[in-house]
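**Student:** See my_file12.cif below, with mmCIF, C-alpha atoms.
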```
data_target
loop_
_atom_site.label_atom_id
_atom_site.label_comp_id
_atom_site.auth_asym_id
_atom_site.auth_seq_id
_atom_site.Cartn_x
_atom_site.Cartn_y
_atom_site.Cartn_z
CA MET H 1 -31.30 -17.78 -5.98
CA ARG H 2 -32.86 -16.56 -2.75
CA MET H 3 -31.10 -14.26 -0.34
CA SER H 4 -30.19 -17.14 1.96
CA GLU H 5 -28.40 -18.88 -0.89
CA LEU H 6 -26.72 -15.64 -1.97
CA SER H 7 -25.43 -15.35 1.60
CA ALA H 8 -24.16 -18.94 1.59
CA ARG H 9 -22.52 -18.58 -1.84
CA SER H 10 -20.77 -15.31 -1.00
CA ALA H 11 -20.05 -16.00 2.69
CA VAL H 12 -21.58 -12.60 3.46
CA PRO H 13 -24.14 -12.59 6.31
CA VAL H 14 -27.77 -11.78 5.37
CA ALA H 15 -27.73 -8.71 7.65
CA THR H 16 -24.70 -7.36 5.76
CA ILE H 17 -26.35 -8.03 2.38
CA LYS H 18 -29.42 -6.11 3.58
CA PHE H 19 -27.17 -3.24 4.64
CA TYR H 20 -25.51 -3.13 1.19
CA LEU H 21 -28.97 -3.11 -0.43
CA ARG H 22 -30.09 -0.19 1.74
CA GLU H 23 -26.87 1.69 0.98
CA GLY H 24 -27.31 1.14 -2.76
CA MET H 25 -24.00 -0.75 -3.01
CA LEU H 26 -25.81 -3.85 -4.29
CA THR H 27 -28.75 -3.76 -6.73
CA ARG H 28 -32.02 -5.32 -5.56
CA GLY H 29 -32.92 -8.76 -6.86
CA GLU H 30 -35.89 -9.29 -9.14
CA ALA H 31 -39.03 -9.32 -6.97
CA THR H 32 -40.88 -12.65 -7.22
CA SER H 33 -43.45 -11.83 -4.52
CA ALA H 34 -44.07 -9.10 -1.97
CA THR H 35 -41.38 -10.47 0.32
CA ARG H 36 -39.08 -12.41 -1.99
CA ALA H 37 -36.51 -11.53 -4.59
CA GLU H 38 -34.36 -13.58 -6.89
CA TYR H 39 -30.61 -12.91 -7.04
CA GLY H 40 -28.17 -13.89 -9.77
CA GLU H 41 -24.47 -14.48 -10.39
CA GLU H 42 -23.94 -10.74 -10.79
CA HIS H 43 -24.91 -10.32 -7.13
CA VAL H 44 -22.40 -12.95 -6.05
CA ALA H 45 -19.71 -11.19 -8.11
CA ARG H 46 -20.63 -7.82 -6.63
CA LEU H 47 -20.37 -9.13 -3.07
CA ARG H 48 -16.96 -10.60 -3.87
CA LEU H 49 -15.85 -7.26 -5.26
CA ILE H 50 -17.03 -5.43 -2.14
CA ALA H 51 -15.15 -7.94 0.01
CA ALA H 52 -12.02 -7.49 -2.13
CA LEU H 53 -12.09 -3.73 -1.60
CA ALA H 54 -13.21 -3.71 2.03
CA GLU H 55 -11.36 -6.69 3.44
CA VAL H 56 -8.23 -7.08 1.34
CA ARG H 57 -7.65 -3.41 0.68
CA GLY H 58 -9.06 -2.55 4.11
CA LEU H 59 -10.88 0.44 2.66
CA PRO H 60 -13.48 2.20 4.83
CA LEU H 61 -17.01 1.56 3.57
CA ALA H 62 -17.43 5.15 2.38
CA ARG H 63 -14.38 4.72 0.13
CA VAL H 64 -15.66 1.37 -1.18
CA ARG H 65 -18.88 3.17 -2.10
CA ASP H 66 -16.91 5.90 -3.92
CA ILE H 67 -15.05 3.29 -5.96
CA LEU H 68 -18.21 1.31 -6.79
CA ALA H 69 -19.87 4.55 -7.90
CA LEU H 70 -16.96 5.24 -10.27
CA VAL H 71 -17.27 1.76 -11.76
CA ASP H 72 -21.08 1.87 -12.01
CA ALA H 73 -21.68 5.31 -13.46
CA PRO H 74 -18.40 6.15 -15.12
CA LEU H 75 -17.50 9.74 -15.74
CA ASP H 76 -17.02 10.58 -19.34
CA ASP H 77 -13.33 11.09 -18.74
CA PRO H 78 -11.02 8.24 -17.72
CA ILE H 79 -8.44 10.71 -16.37
CA GLN H 80 -10.96 12.28 -14.03
CA ALA H 81 -12.16 8.81 -12.99
CA MET H 82 -8.59 7.72 -12.19
CA GLY H 83 -8.09 10.92 -10.21
CA ARG H 84 -11.14 10.22 -8.08
CA ALA H 85 -10.19 6.58 -7.60
CA VAL H 86 -6.73 7.58 -6.41
CA GLY H 87 -8.33 10.05 -4.00
CA ALA H 88 -10.38 7.17 -2.56
CA LEU H 89 -7.23 5.17 -1.77
CA PRO H 90 -4.82 5.68 1.11
CA PRO H 91 -2.73 7.54 2.07
CA TYR H 92 -5.45 10.12 2.72
CA VAL H 93 -3.44 13.32 2.56
CA VAL H 94 -4.91 16.76 3.16
CA PRO H 95 -4.13 18.77 0.00
CA ASP H 96 -1.94 21.85 0.36
CA PRO H 97 -4.13 24.89 -0.41
CA ASP H 98 -1.22 26.47 -2.28
CA ASP H 99 -0.56 23.34 -4.37
CA ALA H 100 3.02 23.46 -3.08
CA TYR H 101 4.60 20.04 -3.24
CA PRO H 102 8.30 20.82 -3.57
CA ARG H 103 9.63 17.28 -3.06
CA ALA H 104 7.13 15.70 -5.44
CA GLN H 105 7.63 18.46 -7.98
CA ALA H 106 11.42 17.98 -7.97
CA ALA H 107 11.08 14.21 -8.35
CA LEU H 108 8.51 14.43 -11.15
CA GLU H 109 10.52 17.02 -13.04
CA ALA H 110 13.65 14.87 -12.77
CA LEU H 111 11.61 11.97 -14.18
CA GLY H 112 9.99 13.96 -16.97
CA LEU H 113 6.52 13.20 -15.64
CA ALA H 114 3.68 15.73 -15.61
CA PHE H 115 3.38 17.70 -12.34
CA GLU H 116 -0.34 18.35 -11.87
CA PRO H 117 -0.75 19.40 -8.26
CA ARG H 118 -4.52 18.72 -8.20
CA PHE H 119 -3.99 15.01 -8.88
CA ALA H 120 -4.20 13.33 -5.45
CA ALA H 121 -1.09 11.19 -6.00
CA VAL H 122 1.09 14.33 -6.05
CA ALA H 123 0.21 15.14 -2.43
CA GLN H 124 0.60 11.44 -1.62
CA LEU H 125 4.10 11.40 -3.12
CA GLU H 126 5.05 14.58 -1.26
CA SER H 127 4.07 13.14 2.10
CA ALA H 128 5.70 9.79 1.30
CA ILE H 129 9.02 11.50 0.50
CA ALA H 130 8.76 13.61 3.67
CA ALA H 131 8.23 10.41 5.67
CA VAL H 132 11.28 8.74 4.13
CA GLU H 133 13.36 11.81 4.96
CA SER H 134 11.98 11.95 8.52
CA ALA H 135 13.10 8.39 9.09
CA GLY H 136 16.61 9.19 7.84
CA LEU H 137 16.28 6.77 4.92
CA PRO H 138 18.09 7.54 1.65
CA TRP H 139 16.33 9.81 -0.86
CA ASP H 140 18.35 11.02 -3.82
CA GLU H 141 18.15 10.78 -7.59
CA GLU H 142 19.39 7.20 -7.64
CA VAL H 143 16.70 6.17 -5.15
CA VAL H 144 14.00 8.03 -7.11
CA ARG H 145 15.03 6.14 -10.23
CA ARG H 146 15.10 2.84 -8.38
CA TYR H 147 11.37 3.14 -7.73
CA ALA H 148 10.22 5.25 -10.65
CA ASP H 149 11.74 3.33 -13.55
CA PRO H 150 10.06 0.01 -12.72
CA MET H 151 6.76 1.72 -11.88
CA ILE H 152 6.76 3.57 -15.21
CA ARG H 153 7.29 0.25 -17.02
CA VAL H 154 4.64 -1.53 -14.94
CA ALA H 155 2.16 1.31 -15.58
CA ALA H 156 2.78 1.17 -19.34
CA ASP H 157 2.09 -2.59 -19.39
CA GLU H 158 -1.01 -2.12 -17.27
CA VAL H 159 -2.43 0.69 -19.33
CA ALA H 160 -1.77 -0.97 -22.70
CA PRO H 161 -5.02 -3.03 -22.83
CA VAL H 162 -7.05 0.17 -22.37
CA GLY H 163 -6.49 0.93 -26.05
CA GLY H 164 -8.80 -1.96 -26.98
CA MET H 165 -11.52 -1.18 -24.45
CA THR H 166 -14.59 1.01 -24.48
CA VAL H 167 -14.40 4.00 -22.15
CA ASN H 168 -16.69 2.33 -19.59
CA ASP H 169 -14.66 -0.86 -19.49
CA ALA H 170 -11.43 1.13 -19.38
CA ILE H 171 -12.63 3.07 -16.36
CA ALA H 172 -13.70 -0.06 -14.48
CA TYR H 173 -10.36 -1.68 -15.29
CA ALA H 174 -8.35 1.39 -14.31
CA VAL H 175 -10.23 2.01 -11.07
CA LEU H 176 -10.22 -1.60 -9.87
CA GLY H 177 -6.72 -2.28 -11.18
CA THR H 178 -5.32 0.70 -9.31
CA ALA H 179 -6.88 -0.53 -6.07
CA LEU H 180 -6.34 -4.26 -6.38
CA TYR H 181 -2.92 -4.77 -7.97
CA GLU H 182 -1.27 -2.57 -5.31
CA PRO H 183 -1.40 -5.26 -2.59
CA ILE H 184 0.10 -7.70 -5.13
CA LEU H 185 3.06 -5.39 -5.77
CA LEU H 186 3.70 -4.87 -2.08
CA ALA H 187 3.41 -8.55 -1.16
CA LEU H 188 5.83 -9.51 -3.95
CA ARG H 189 8.37 -6.90 -2.84
CA ARG H 190 8.18 -8.20 0.73
CA LEU H 191 8.56 -11.77 -0.51
CA ALA H 192 11.55 -10.83 -2.65
CA HIS H 193 13.26 -9.24 0.39
CA HIS H 194 12.55 -12.34 2.40
CA HIS H 195 13.93 -14.57 -0.34
CA LEU H 196 17.15 -12.55 -0.61
CA LEU H 197 17.72 -12.59 3.15
CA ALA H 198 16.57 -16.17 3.72
CA THR H 199 18.75 -17.60 0.99
CA GLY H 200 21.75 -15.79 2.48
CA ARG H 201 22.42 -13.73 -0.65
CA VAL H 202 22.72 -10.66 1.55
CA ARG H 203 23.96 -10.59 5.10
CA ALA H 204 24.71 -7.83 7.54
CA ARG H 205 28.02 -7.70 9.43
CA ARG H 206 27.90 -8.98 12.97
CA ALA H 207 29.56 -6.25 15.05
CA GLY H 208 32.96 -7.49 16.22
CA ASP H 209 33.41 -10.85 14.60
CA GLY H 210 32.71 -10.23 10.96
CA SER H 211 30.71 -13.43 10.44
CA SER H 212 26.96 -13.49 10.09
CA GLY H 213 26.01 -16.66 11.92
CA HIS H 214 23.26 -17.31 9.40
CA GLY H 215 24.76 -19.92 7.23
CA MET Z 216 15.29 21.94 24.82
CA ARG Z 217 12.20 21.96 27.04
CA MET Z 218 9.06 20.02 26.21
CA SER Z 219 7.31 23.15 24.93
CA GLU Z 220 10.10 23.68 22.40
CA LEU Z 221 10.13 20.00 21.45
CA SER Z 222 6.41 20.36 20.75
CA ALA Z 223 6.96 23.47 18.62
CA ARG Z 224 9.88 21.92 16.72
CA SER Z 225 8.03 18.69 15.97
CA ALA Z 226 4.53 20.13 15.55
CA VAL Z 227 3.33 17.42 17.97
CA PRO Z 228 1.06 18.70 20.78
CA VAL Z 229 2.42 18.46 24.35
CA ALA Z 230 -0.43 16.14 25.37
CA THR Z 231 0.53 13.75 22.57
CA ILE Z 232 4.21 13.86 23.55
CA LYS Z 233 3.22 12.99 27.13
CA PHE Z 234 1.16 10.11 25.81
CA TYR Z 235 4.13 8.75 23.82
CA LEU Z 236 6.32 9.06 26.95
CA ARG Z 237 3.81 7.09 29.04
CA GLU Z 238 3.54 4.45 26.31
CA GLY Z 239 7.32 4.09 26.12
CA MET Z 240 7.39 5.11 22.45
CA LEU Z 241 9.62 8.11 23.26
CA THR Z 242 12.46 8.02 25.79
CA ARG Z 243 12.27 10.48 28.68
CA GLY Z 244 14.43 13.59 28.51
CA GLU Z 245 17.28 14.13 30.94
CA ALA Z 246 15.80 15.37 34.23
CA THR Z 247 17.09 18.84 35.14
CA SER Z 248 14.79 19.31 38.15
CA ALA Z 249 11.88 17.50 39.76
CA THR Z 250 9.48 18.81 37.12
CA ARG Z 251 11.71 19.58 34.13
CA ALA Z 252 13.51 17.53 31.56
CA GLU Z 253 15.78 18.42 28.70
CA TYR Z 254 15.10 16.97 25.24
CA GLY Z 255 17.46 16.67 22.31
CA GLU Z 256 17.54 16.27 18.55
CA GLU Z 257 17.01 12.53 18.92
CA HIS Z 258 13.59 13.28 20.41
CA VAL Z 259 12.68 15.50 17.46
CA ALA Z 260 13.77 12.74 15.08
CA ARG Z 261 11.78 10.14 16.98
CA LEU Z 262 8.61 12.24 16.85
CA ARG Z 263 9.07 12.68 13.10
CA LEU Z 264 9.48 8.94 12.70
CA ILE Z 265 6.30 8.27 14.69
CA ALA Z 266 4.43 10.78 12.52
CA ALA Z 267 5.83 9.14 9.37
CA LEU Z 268 4.53 5.74 10.45
CA ALA Z 269 1.23 6.88 11.98
CA GLU Z 270 0.20 9.64 9.61
CA VAL Z 271 1.74 8.79 6.25
CA ARG Z 272 1.47 5.04 6.53
CA GLY Z 273 -1.75 5.41 8.53
CA LEU Z 274 -0.68 2.62 10.86
CA PRO Z 275 -2.68 2.08 14.06
CA LEU Z 276 -0.70 3.11 17.14
CA ALA Z 277 -0.27 -0.49 18.32
CA ARG Z 278 1.44 -1.29 14.98
CA VAL Z 279 3.64 1.80 15.21
CA ARG Z 280 4.73 0.57 18.62
CA ASP Z 281 5.53 -2.89 17.21
CA ILE Z 282 7.71 -1.36 14.53
CA LEU Z 283 9.51 0.97 16.95
CA ALA Z 284 10.16 -2.00 19.22
CA LEU Z 285 11.76 -3.88 16.32
CA VAL Z 286 14.00 -0.91 15.56
CA ASP Z 287 14.92 -0.26 19.22
CA ALA Z 288 15.67 -3.73 20.46
CA PRO Z 289 16.48 -5.66 17.34
CA LEU Z 290 16.11 -9.38 17.32
CA ASP Z 291 19.30 -11.23 16.64
CA ASP Z 292 17.95 -12.34 13.31
CA PRO Z 293 17.18 -9.90 10.49
CA ILE Z 294 14.90 -12.43 8.79
CA GLN Z 295 12.75 -12.77 11.88
CA ALA Z 296 12.71 -8.97 12.29
CA MET Z 297 11.54 -8.52 8.70
CA GLY Z 298 8.86 -11.14 9.26
CA ARG Z 299 7.50 -9.28 12.27
CA ALA Z 300 7.68 -5.92 10.50
CA VAL Z 301 5.69 -7.30 7.57
CA GLY Z 302 3.14 -8.68 10.03
CA ALA Z 303 2.75 -5.14 11.44
CA LEU Z 304 1.85 -3.74 8.01
CA PRO Z 305 -1.45 -4.03 6.18
CA PRO Z 306 -3.16 -5.97 4.76
CA TYR Z 307 -3.86 -7.65 8.10
CA VAL Z 308 -4.76 -11.14 6.96
CA VAL Z 309 -5.80 -13.93 9.31
CA PRO Z 310 -3.35 -16.77 8.70
CA ASP Z 311 -4.74 -20.06 7.42
CA PRO Z 312 -4.27 -22.66 10.19
CA ASP Z 313 -3.33 -25.25 7.58
CA ASP Z 314 -0.77 -22.98 5.90
CA ALA Z 315 -2.67 -23.53 2.66
CA TYR Z 316 -2.06 -20.67 0.25
CA PRO Z 317 -2.57 -22.31 -3.14
CA ARG Z 318 -2.54 -19.12 -5.25
CA ALA Z 319 0.53 -17.70 -3.54
CA GLN Z 320 2.29 -21.05 -3.64
CA ALA Z 321 1.71 -21.43 -7.39
CA ALA Z 322 2.95 -17.90 -8.07
CA LEU Z 323 6.05 -18.25 -5.89
CA GLU Z 324 6.94 -21.61 -7.40
CA ALA Z 325 6.58 -20.20 -10.90
CA LEU Z 326 8.92 -17.38 -9.86
CA GLY Z 327 11.48 -19.61 -8.15
CA LEU Z 328 10.98 -17.79 -4.84
CA ALA Z 329 10.91 -19.56 -1.47
CA PHE Z 330 7.41 -20.52 -0.28
CA GLU Z 331 7.48 -20.21 3.50
CA PRO Z 332 3.86 -20.19 4.62
CA ARG Z 333 4.62 -18.72 8.05
CA PHE Z 334 5.99 -15.52 6.53
CA ALA Z 335 3.09 -13.02 6.71
CA ALA Z 336 3.53 -11.81 3.12
CA VAL Z 337 2.51 -15.25 1.82
CA ALA Z 338 -0.99 -14.92 3.31
CA GLN Z 339 -1.04 -11.30 2.10
CA LEU Z 340 -0.22 -12.40 -1.45
CA GLU Z 341 -2.85 -15.14 -1.31
CA SER Z 342 -5.60 -12.71 -0.33
CA ALA Z 343 -4.39 -10.10 -2.84
CA ILE Z 344 -4.60 -12.64 -5.69
CA ALA Z 345 -8.05 -13.78 -4.52
CA ALA Z 346 -9.19 -10.14 -4.57
CA VAL Z 347 -7.89 -9.60 -8.11
CA GLU Z 348 -9.73 -12.75 -9.22
CA SER Z 349 -12.94 -11.68 -7.42
CA ALA Z 350 -12.90 -8.42 -9.34
CA GLY Z 351 -12.52 -10.26 -12.65
CA LEU Z 352 -9.12 -8.64 -13.31
CA PRO Z 353 -6.48 -10.60 -15.24
CA TRP Z 354 -4.25 -12.99 -13.29
CA ASP Z 355 -2.03 -15.32 -15.29
CA GLU Z 356 1.68 -16.01 -15.62
CA GLU Z 357 2.28 -12.91 -17.71
CA VAL Z 358 0.60 -10.72 -15.09
CA VAL Z 359 2.55 -12.39 -12.27
CA ARG Z 360 5.79 -11.63 -14.13
CA ARG Z 361 4.70 -8.04 -14.80
CA TYR Z 362 4.68 -7.36 -11.06
CA ALA Z 363 7.24 -9.84 -9.79
CA ASP Z 364 10.17 -9.10 -12.09
CA PRO Z 365 10.40 -5.39 -11.22
CA MET Z 366 9.81 -6.08 -7.52
CA ILE Z 367 12.61 -8.66 -7.45
CA ARG Z 368 14.96 -6.10 -9.02
CA VAL Z 369 13.84 -3.33 -6.67
CA ALA Z 370 14.29 -5.62 -3.67
CA ALA Z 371 17.81 -6.59 -4.76
CA ASP Z 372 18.79 -2.91 -5.04
CA GLU Z 373 17.21 -2.13 -1.70
CA VAL Z 374 18.83 -5.01 0.12
CA ALA Z 375 22.32 -4.44 -1.35
CA PRO Z 376 23.47 -1.84 1.24
CA VAL Z 377 22.70 -4.30 4.04
CA GLY Z 378 25.97 -6.08 3.25
CA GLY Z 379 27.90 -3.08 4.62
CA MET Z 380 25.79 -2.58 7.75
CA THR Z 381 25.87 -3.99 11.23
CA VAL Z 382 22.97 -6.27 12.11
CA ASN Z 383 21.28 -3.56 14.19
CA ASP Z 384 21.51 -0.97 11.44
CA ALA Z 385 20.39 -3.52 8.87
CA ILE Z 386 17.29 -4.32 10.88
CA ALA Z 387 16.34 -0.66 11.34
CA TYR Z 388 16.89 -0.05 7.62
CA ALA Z 389 14.91 -3.13 6.59
CA VAL Z 390 12.01 -2.49 8.95
CA LEU Z 391 11.65 1.22 8.17
CA GLY Z 392 12.41 0.79 4.49
CA THR Z 393 9.72 -1.86 4.13
CA ALA Z 394 7.17 0.46 5.70
CA LEU Z 395 8.18 3.79 4.20
CA TYR Z 396 9.19 3.12 0.60
CA GLU Z 397 5.87 1.38 -0.10
CA PRO Z 398 3.87 4.64 -0.33
CA ILE Z 399 6.55 5.96 -2.70
CA LEU Z 400 6.15 2.97 -5.03
CA LEU Z 401 2.38 3.28 -5.06
CA ALA Z 402 2.34 7.05 -5.60
CA LEU Z 403 4.79 6.72 -8.51
CA ARG Z 404 2.70 3.99 -10.15
CA ARG Z 405 -0.41 6.18 -9.84
CA LEU Z 406 1.49 9.14 -11.28
CA ALA Z 407 2.80 7.06 -14.16
CA HIS Z 408 -0.76 5.96 -15.02
CA HIS Z 409 -1.90 9.54 -14.88
CA HIS Z 410 0.97 10.65 -17.10
CA LEU Z 411 0.21 7.98 -19.70
CA LEU Z 412 -3.49 8.84 -19.80
CA ALA Z 413 -3.08 12.62 -19.52
CA THR Z 414 -0.52 12.80 -22.33
CA GLY Z 415 -2.89 10.81 -24.55
CA ARG Z 416 -0.46 7.93 -25.06
CA VAL Z 417 -3.27 5.52 -24.31
CA ARG Z 418 -6.94 6.08 -25.02
CA ALA Z 419 -10.00 3.93 -24.76
CA ARG Z 420 -12.41 3.60 -27.70
CA ARG Z 421 -15.50 5.74 -27.50
CA ALA Z 422 -18.39 3.33 -28.12
CA GLY Z 423 -19.79 3.99 -31.57
CA ASP Z 424 -17.55 6.66 -33.04
CA GLY Z 425 -14.05 5.33 -32.62
CA SER Z 426 -12.55 8.67 -31.54
CA SER Z 427 -11.66 9.46 -27.97
CA GLY Z 428 -12.51 13.13 -27.73
CA HIS Z 429 -9.45 13.70 -25.50
CA GLY Z 430 -7.00 15.22 -27.82
#
```
Have the structure of the file written as structure tokens, please.
**Tutor:**
Amino acid sequence: MRMSELSARSAVPVATIKFYLREGMLTRGEATSATRAEYGEEHVARLRLIAALAEVRGLPLARVRDILALVDAPLDDPIQAMGRAVGALPPYVVPDPDDAYPRAQAALEALGLAFEPRFAAVAQLESAIAAVESAGLPWDEEVVRRYADPMIRVAADEVAPVGGMTVNDAIAYAVLGTALYEPILLALRRLAHHHLLATGRVRARRAGDGSSGHG
Amino acid sequence: MRMSELSARSAVPVATIKFYLREGMLTRGEATSATRAEYGEEHVARLRLIAALAEVRGLPLARVRDILALVDAPLDDPIQAMGRAVGALPPYVVPDPDDAYPRAQAALEALGLAFEPRFAAVAQLESAIAAVESAGLPWDEEVVRRYADPMIRVAADEVAPVGGMTVNDAIAYAVLGTALYEPILLALRRLAHHHLLATGRVRARRAGDGSSGHG
């Protein structure tokens, strides 16, 4: 297809497609003349992937480029690739030069999970716990378990298919899965809260009269 | 304490504190003379909360203000408050004027959860599913359950304390908890992946030789 059709199919403006080409985020089509190139389904898929990362995840373009680079030219090591992918996702936390993450370290040790301070998610966990504490929200071993146990199970289910994949496929799956299933998790949690409150399963006390008024 | 001490205690520059005062995000201290005011622990706590929302969650200032407003002057209705809080959190999705969210609707119906198209998380789920599909990642009933079942359990545990709270406290807890436990969930999932890969529990096939080389 020509660029105009690629634009129509992907709902991405021609000027934006040209920008992605210049930035190397999209491969050039096959040249059919000095001024024309032919694009294929892989270009449509790539534009959809860029939109998924940029629009749904709201990632800055530089971070989208980092993630595409990880998928395109995988490192030899899936662990290193995951580490870089996680570093390309928010929250963007400045690492502590002393690798001191006392809150994260305590939580990970209580959970029996590896504490590797260079992995970006350790600094992310540290700052997330500090934020919860700053807001006066509960943070104790029961709360840690509330979040960690389901996430450990989810992660095991997610990682399982990797055993049947080649390293390149595993890296693409791990990098994109890390980025793109997160909004699913968060939306479902928000919807579950809403369901519990909206169906009246849980109600706060109305100061004074003891009834909730939402029935 | 004076403003200079408030700044030192909270690690927030004086100019930023003055900005928050002008914007109504921080209440004024008690005036002790024409040019001096006295600040208390509640001001330190408020500045920490603003930092938690702005820095850790990375929320734009206008969204931080929306969330503070929900906490300060709660609506009478916790469900409405939750709805607005969710609307103040990313992903910022433009609602469909026809309330048509086919992917989210199918998932919610399969899960037995209420489908209320006006609740912002419905549009968020729709776009999150579309992004997963665009990237060619799996999305079927098993995958839906993988994420939904743990999130429904987490939500039930989180919402349980609301039964013992007044409406105002419940709203503050729900609004801040929605915003601030999310980074915890995501960091723990990333750490669980890392743990599974780094401990060699799961390995991809190396094309050709069948060994992984990471052991």
**Student:** Run the PyMOL selection byres ((chain H and resi 204) around 8) against the file shown and list the residues it catches, as JSON, numbers by chain.
**Tutor:** {"H": [202, 203, 205, 206, 212], "Z": [377, 378, 379, 380, 381, 382, 385]}
**Student:** Store the residues of this selection in a file with C-alpha atoms, as a tab-separated table (two decimals), in the coordinates of the input.
**Tutor:**
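Generated file (again_5.tsv):
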```
chain	number	residue	atom	x	y	z
H	202	VAL	CA	22.72	-10.66	1.55
H	203	ARG	CA	23.96	-10.59	5.10
H	205	ARG	CA	28.02	-7.70	9.43
H	206	ARG	CA	27.90	-8.98	12.97
H	212	SER	CA	26.96	-13.49	10.09
Z	377	VAL	CA	22.70	-4.30	4.04
Z	378	GLY	CA	25.97	-6.08	3.25
Z	379	GLY	CA	27.90	-3.08	4.62
Z	380	MET	CA	25.79	-2.58	7.75
Z	381	THR	CA	25.87	-3.99	11.23
Z	382	VAL	CA	22.97	-6.27	12.11
Z	385	ALA	CA	20.39	-3.52	8.87
```
**Student:** Given the PyMOL selection byres ((chain H and resi 135) around 8) and the file above, list the residues it selects as a list in words.
**Tutor:** Ala131, Val132, Glu133, Ser134, Gly136 and Leu137 of chain H; Ala260, Arg263, Leu264, Ala267 and Leu391 of chain Z
**Student:** Atoms to include: C-alpha atoms. Write the selected residues as a CSV table (one decimal), in the coordinates of the input.
**Tutor:**
```csv
chain,number,residue,atom,x,y,z
H,131,ALA,CA,8.2,10.4,5.7
H,132,VAL,CA,11.3,8.7,4.1
H,133,GLU,CA,13.4,11.8,5.0
H,134,SER,CA,12.0,12.0,8.5
H,136,GLY,CA,16.6,9.2,7.8
H,137,LEU,CA,16.3,6.8,4.9
Z,260,ALA,CA,13.8,12.7,15.1
Z,263,ARG,CA,9.1,12.7,13.1
Z,264,LEU,CA,9.5,8.9,12.7
Z,267,ALA,CA,5.8,9.1,9.4
Z,391,LEU,CA,11.6,1.2,8.2
```
**Student:** For atom CA of H:Arg36 and atom CA of H:Ala15, quote the distance in Å rounded to one decimal.
**Tutor:** 15.3 Å
**Student:** Taking (8.3, 0.7, 2.2) in the file's coordinates, which residues come within 12 Å, counting only C-alpha atoms, written as a count of residues only?
**Tutor:** 42
**Student:** Using the chain letters and numbers from the file, give me the residues hit by the PyMOL selection byres ((chain H and resi 70) around 9), as an NGL selection string.
**Tutor:** :H and (65-69 or 71-75 or 81-82 or 84-85 or 171-172 or 175)
**Student:** Please save C-alpha atoms of the selected residues as a PDB file, in the frame of the given file.
**Tutor:**
```
ATOM      1  CA  ARG H  65     -18.880   3.170  -2.100  1.00  0.00           C
ATOM      2  CA  ASP H  66     -16.910   5.900  -3.920  1.00  0.00           C
ATOM      3  CA  ILE H  67     -15.050   3.290  -5.960  1.00  0.00           C
ATOM      4  CA  LEU H  68     -18.210   1.310  -6.790  1.00  0.00           C
ATOM      5  CA  ALA H  69     -19.870   4.550  -7.900  1.00  0.00           C
ATOM      6  CA  VAL H  71     -17.270   1.760 -11.760  1.00  0.00           C
ATOM      7  CA  ASP H  72     -21.080   1.870 -12.010  1.00  0.00           C
ATOM      8  CA  ALA H  73     -21.680   5.310 -13.460  1.00  0.00           C
ATOM      9  CA  PRO H  74     -18.400   6.150 -15.120  1.00  0.00           C
ATOM     10  CA  LEU H  75     -17.500   9.740 -15.740  1.00  0.00           C
ATOM     11  CA  ALA H  81     -12.160   8.810 -12.990  1.00  0.00           C
ATOM     12  CA  MET H  82      -8.590   7.720 -12.190  1.00  0.00           C
ATOM     13  CA  ARG H  84     -11.140  10.220  -8.080  1.00  0.00           C
ATOM     14  CA  ALA H  85     -10.190   6.580  -7.600  1.00  0.00           C
ATOM     15  CA  ILE H 171     -12.630   3.070 -16.360  1.00  0.00           C
ATOM     16  CA  ALA H 172     -13.700  -0.060 -14.480  1.00  0.00           C
ATOM     17  CA  VAL H 175     -10.230   2.010 -11.070  1.00  0.00           C
TER      18      VAL H 175
END
```
**Student:** Mind pulling up the distance from atom CA of H:Leu61 to atom CA of Z:Tyr316?
**Tutor:**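 Going from atom CA of Z:Tyr316 over to atom CA of H:Leu61 covers 27.0 Å.
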**Student:** What is the distance between atom CA of Z:Val227 and atom CA of Z:Gly302, in Å to one decimal?
**Tutor:**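 A separation of 27.3 Å between them.
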**Student:** So which residues touch Z:Glu245 within 8 Å, counting all atoms listed in the file, skipping near sequence neighbours fewer than 5 positions away, as a list in words?
**Tutor:**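 Near neighbours after the sequence-gap exclusion: Ala252, Glu253 and Tyr254 of chain Z.
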**Student:** Under the rule that only C-alpha atoms are counted, which of H:Ala120, H:Ala106, H:Ala114, H:Glu42 is the nearest residue to chain Z?
**Tutor:** H:Ala114
**Student:** Using all atoms listed in the file, which protein or nucleic acid residues come within 9 Å of H:Pro95? Drop anything in the same chain fewer than 6 positions from it, and give the result as JSON, numbers by chain.
**Tutor:** {"H": [117, 118, 120, 123, 124]}
